[in-house]
Amino acid sequence: MPAVTAPPPLGVTPDIRLVAVDLDGSLLDDAKRIHPSFWRLLDALDERGILLCPASGRAYPTLRRDFGRDDLVYVAENGAYVMHHGREVSSDTVPWEHAAPVLAAARGYAAGGADVGTVLCGKRGAYVERTDAPFLAQVAPYYAQLAVVDDLLAVRDDEVLKVAVYDFGSAERGVGAALAPLDGPVRVLVSQEHWVDVMSPTADKGTALAAVQRALGVTRGQTMAFGDYLNDLGLLAAAEWSFAMDNAHPAVRAAARFVAPGNNDNGVVRTIVASLGLTGVLAA
């Protein structure tokens, strides 16, 4: 399939009020950087009354730190937690009786020799019991408020949003397959090449985006969304103007209405600029 190098023509200029953007593999390049033109785009969207919604598996404190604003809508933890102006819009937590077996299963999988590490993600922060530098280097970009504890199973004073497990091999073939039998009371979701998120069965970026639309009085037809991986399928389904990145998983490309240039080609910003007829954003 030839590479997509230019924003797709839409045929019309849509009336967009909300833009939901996945981060890793979409807005961020492979070095986890945001293109400098994004900040000019954010100003241009503000001028038009269009709200940006970062939608990520990252924790809310991390998103708030990285974007530096309270007025954005943050869909955090793959849809399990939504915040706007520092207030909760929605949350979808995992009861402890469902979270504990996941923690135990991940620990057992690691004890069998697998190179994996687990993050317990709560509303107040994130918790780990594995402390070696290679693992913490993978966790740090996603969790700004991270606490090291002796035993994840002993953390009982926070509401659980998800259990995230990092696999230094293939998450889909490794820990994802190992945790798959738990699917039902929880949802086992391969969210990136090396990450598996275990959440409430009803937690999803698409469900979260629908909650945002209801709260703000925005329709699906006024919503644009960008994604690249399987955890973005619901997000794209909730937006009439859905874009898969050129680097997206084949299933995501098939589900989206359009394909945008890849994450290393500033595809999100370039496509929004072209679709909405914005000027000056891409100027050096």
# chains A, B, ... in the order shown; residues from 1 in each chain; ligands from 1
>>> residues_around(residues="A:Ala3", least_positions_apart="4", cutoff="10 Å", atoms="only C-alpha atoms", output="MDAnalysis selection string")
chainID A and resid 246:247 259:262
>>> write_last_selection(atoms="C-alpha atoms", output="PDB file, in the first residue's frame")
ATOM      1  CA  ASP A 246      -0.769   6.169   7.695  1.00  0.00           C
ATOM      2  CA  ASN A 247       1.219   4.101  10.219  1.00  0.00           C
ATOM      3  CA  VAL A 259      -6.175   8.086   6.214  1.00  0.00           C
ATOM      4  CA  ALA A 260      -3.888  10.927   7.310  1.00  0.00           C
ATOM      5  CA  PRO A 261      -0.118  11.205   6.824  1.00  0.00           C
ATOM      6  CA  GLY A 262       1.834   9.306   9.455  1.00  0.00           C
TER       7      GLY A 262
END
>>> select_by_dssp(residues="stretch 15-61 of chain A", states="helix (DSSP H, G or I)", output="list in words")
Ser37, Phe38, Trp39, Arg40, Leu41, Leu42, Asp43, Ala44, Leu45, Asp46, Glu47, Tyr60 and Pro61 of chain A
>>> write_last_selection(atoms="C-alpha atoms", output="PDB file, in the first residue's frame")
ATOM      1  CA  SER A  37       3.391  23.667  14.887  1.00  0.00           C
ATOM      2  CA  PHE A  38       0.911  21.932  17.193  1.00  0.00           C
ATOM      3  CA  TRP A  39       0.991  24.829  19.660  1.00  0.00           C
ATOM      4  CA  ARG A  40       0.125  27.291  16.893  1.00  0.00           C
ATOM      5  CA  LEU A  41      -2.683  24.946  15.869  1.00  0.00           C
ATOM      6  CA  LEU A  42      -3.993  24.971  19.423  1.00  0.00           C
ATOM      7  CA  ASP A  43      -4.170  28.782  19.334  1.00  0.00           C
ATOM      8  CA  ALA A  44      -5.992  28.657  15.988  1.00  0.00           C
ATOM      9  CA  LEU A  45      -8.521  26.157  17.341  1.00  0.00           C
ATOM     10  CA  ASP A  46      -9.085  28.367  20.392  1.00  0.00           C
ATOM     11  CA  GLU A  47      -9.865  31.312  18.111  1.00  0.00           C
ATOM     12  CA  TYR A  60      -4.505  12.396  33.697  1.00  0.00           C
ATOM     13  CA  PRO A  61      -1.688  14.060  35.714  1.00  0.00           C
TER      14      PRO A  61
END
>>> closest_residue(among="A:Leu10, A:Ala59, A:His249, A:Arg17", to="A:Gly217", atoms="only C-alpha atoms")
A:Arg17
>>> closest_atom_pairs(of="stretch 137-202 of chain A", to="stretch 227-243 of chain A", cutoff="10 Å", atoms="only C-alpha atoms", output="JSON lines")
{"residue": "A:Leu189", "atom": "CA", "partner": "A:Asn231", "partner_atom": "CA", "distance": 7.0}
{"residue": "A:Val190", "atom": "CA", "partner": "A:Leu230", "partner_atom": "CA", "distance": 7.2}
{"residue": "A:Ser191", "atom": "CA", "partner": "A:Asn231", "partner_atom": "CA", "distance": 5.2}
{"residue": "A:Gln192", "atom": "CA", "partner": "A:Tyr229", "partner_atom": "CA", "distance": 6.9}
{"residue": "A:Glu193", "atom": "CA", "partner": "A:Tyr229", "partner_atom": "CA", "distance": 9.1}
{"residue": "A:Asp197", "atom": "CA", "partner": "A:Asn231", "partner_atom": "CA", "distance": 9.3}
>>> write_last_selection(atoms="C-alpha atoms", output="short mmCIF file (atom, residue, chain, number, x, y, z; two decimals), in the first residue's frame")
data_model
loop_
_atom_site.label_atom_id
_atom_site.label_comp_id
_atom_site.auth_asym_id
_atom_site.auth_seq_id
_atom_site.Cartn_x
_atom_site.Cartn_y
_atom_site.Cartn_z
CA LEU A 189 -6.89 -4.65 25.62
CA VAL A 190 -3.58 -4.59 23.74
CA SER A 191 -3.08 -0.83 23.61
CA GLN A 192 0.41 -0.64 22.08
CA GLU A 193 3.06 -3.06 20.86
CA ASP A 197 -4.43 -2.42 29.58
#
>>> select_by_dssp(residues="stretch 119-150 of chain A", states="strand (DSSP E or B)", output="list in words")
Val119, Leu120, Cys121, Gly122, Ala126, Tyr127, Val128, Leu146, Ala147 and Val148 of chain A
>>> residues_around(residues="A:Asp92", least_positions_apart="3", cutoff="7 Å", atoms="only C-alpha atoms", output="PDB file with C-alpha atoms, in the first residue's frame")
ATOM      1  CA  ALA A  80     -11.503   5.214  32.027  1.00  0.00           C
ATOM      2  CA  TYR A  81     -11.078   8.786  33.309  1.00  0.00           C
ATOM      3  CA  LEU A 161      -8.934   2.816  36.732  1.00  0.00           C
ATOM      4  CA  SER A 200     -13.686  -2.145  33.042  1.00  0.00           C
ATOM      5  CA  ALA A 203     -14.264   1.628  29.559  1.00  0.00           C
TER       6      ALA A 203
END
>>> residues_around(residues="A:Gly11", least_positions_apart="3", cutoff="10 Å", atoms="only C-alpha atoms", output="NGL selection string")
:A and (8 or 14 or 275)
>>> closest_atom_pairs(of="stretch 147-168 of chain A", to="stretch 111-116 of chain A", cutoff="6 Å", atoms="only C-alpha atoms", output="JSON lines")
{"residue": "A:Tyr166", "atom": "CA", "partner": "A:Val116", "partner_atom": "CA", "distance": 5.4}
{"residue": "A:Asp167", "atom": "CA", "partner": "A:Val116", "partner_atom": "CA", "distance": 4.5}
{"residue": "A:Phe168", "atom": "CA", "partner": "A:Asp115", "partner_atom": "CA", "distance": 5.9}
>>> residues_around(residues="A:Val268", least_positions_apart="3", cutoff="10 Å", atoms="only C-alpha atoms", output="ChimeraX atom specification")
/A:7,21-23,26-28,35,38,225-227,243-245,260-265,271-273
>>> atom_distance(atom1="atom CA of A:Val155", atom2="atom CA of A:Tyr109")
20.1 Å
>>> residues_around(residues="A:Asp183", least_positions_apart="3", cutoff="12 Å", atoms="only C-alpha atoms", output="ChimeraX atom specification")
/A:98-99,101-102,176-180,186-189,197-201
>>> write_last_selection(atoms="C-alpha atoms", output="compact mmCIF listing (two decimals), in the first residue's frame")
# COMPACT_ATOMS: atom_id res chain seq x y z
CA HIS A 98 -11.77 -7.87 39.60
CA ALA A 99 -8.45 -5.99 39.76
CA PRO A 101 -6.91 -11.46 40.04
CA VAL A 102 -5.32 -9.45 37.23
CA GLY A 176 -1.93 -10.17 26.40
CA ALA A 177 -2.47 -13.84 25.60
CA ALA A 178 -1.66 -14.82 29.18
CA LEU A 179 -4.30 -12.46 30.60
CA ALA A 180 -6.91 -13.17 27.92
CA VAL A 186 -12.57 -7.01 32.86
CA ARG A 187 -11.53 -6.01 29.36
CA VAL A 188 -8.05 -7.12 28.26
CA LEU A 189 -6.89 -4.65 25.62
CA ASP A 197 -4.43 -2.42 29.58
CA VAL A 198 -6.95 -4.30 31.72
CA MET A 199 -9.98 -2.13 32.40
CA SER A 200 -13.69 -2.15 33.04
CA PRO A 201 -15.50 -3.91 30.17
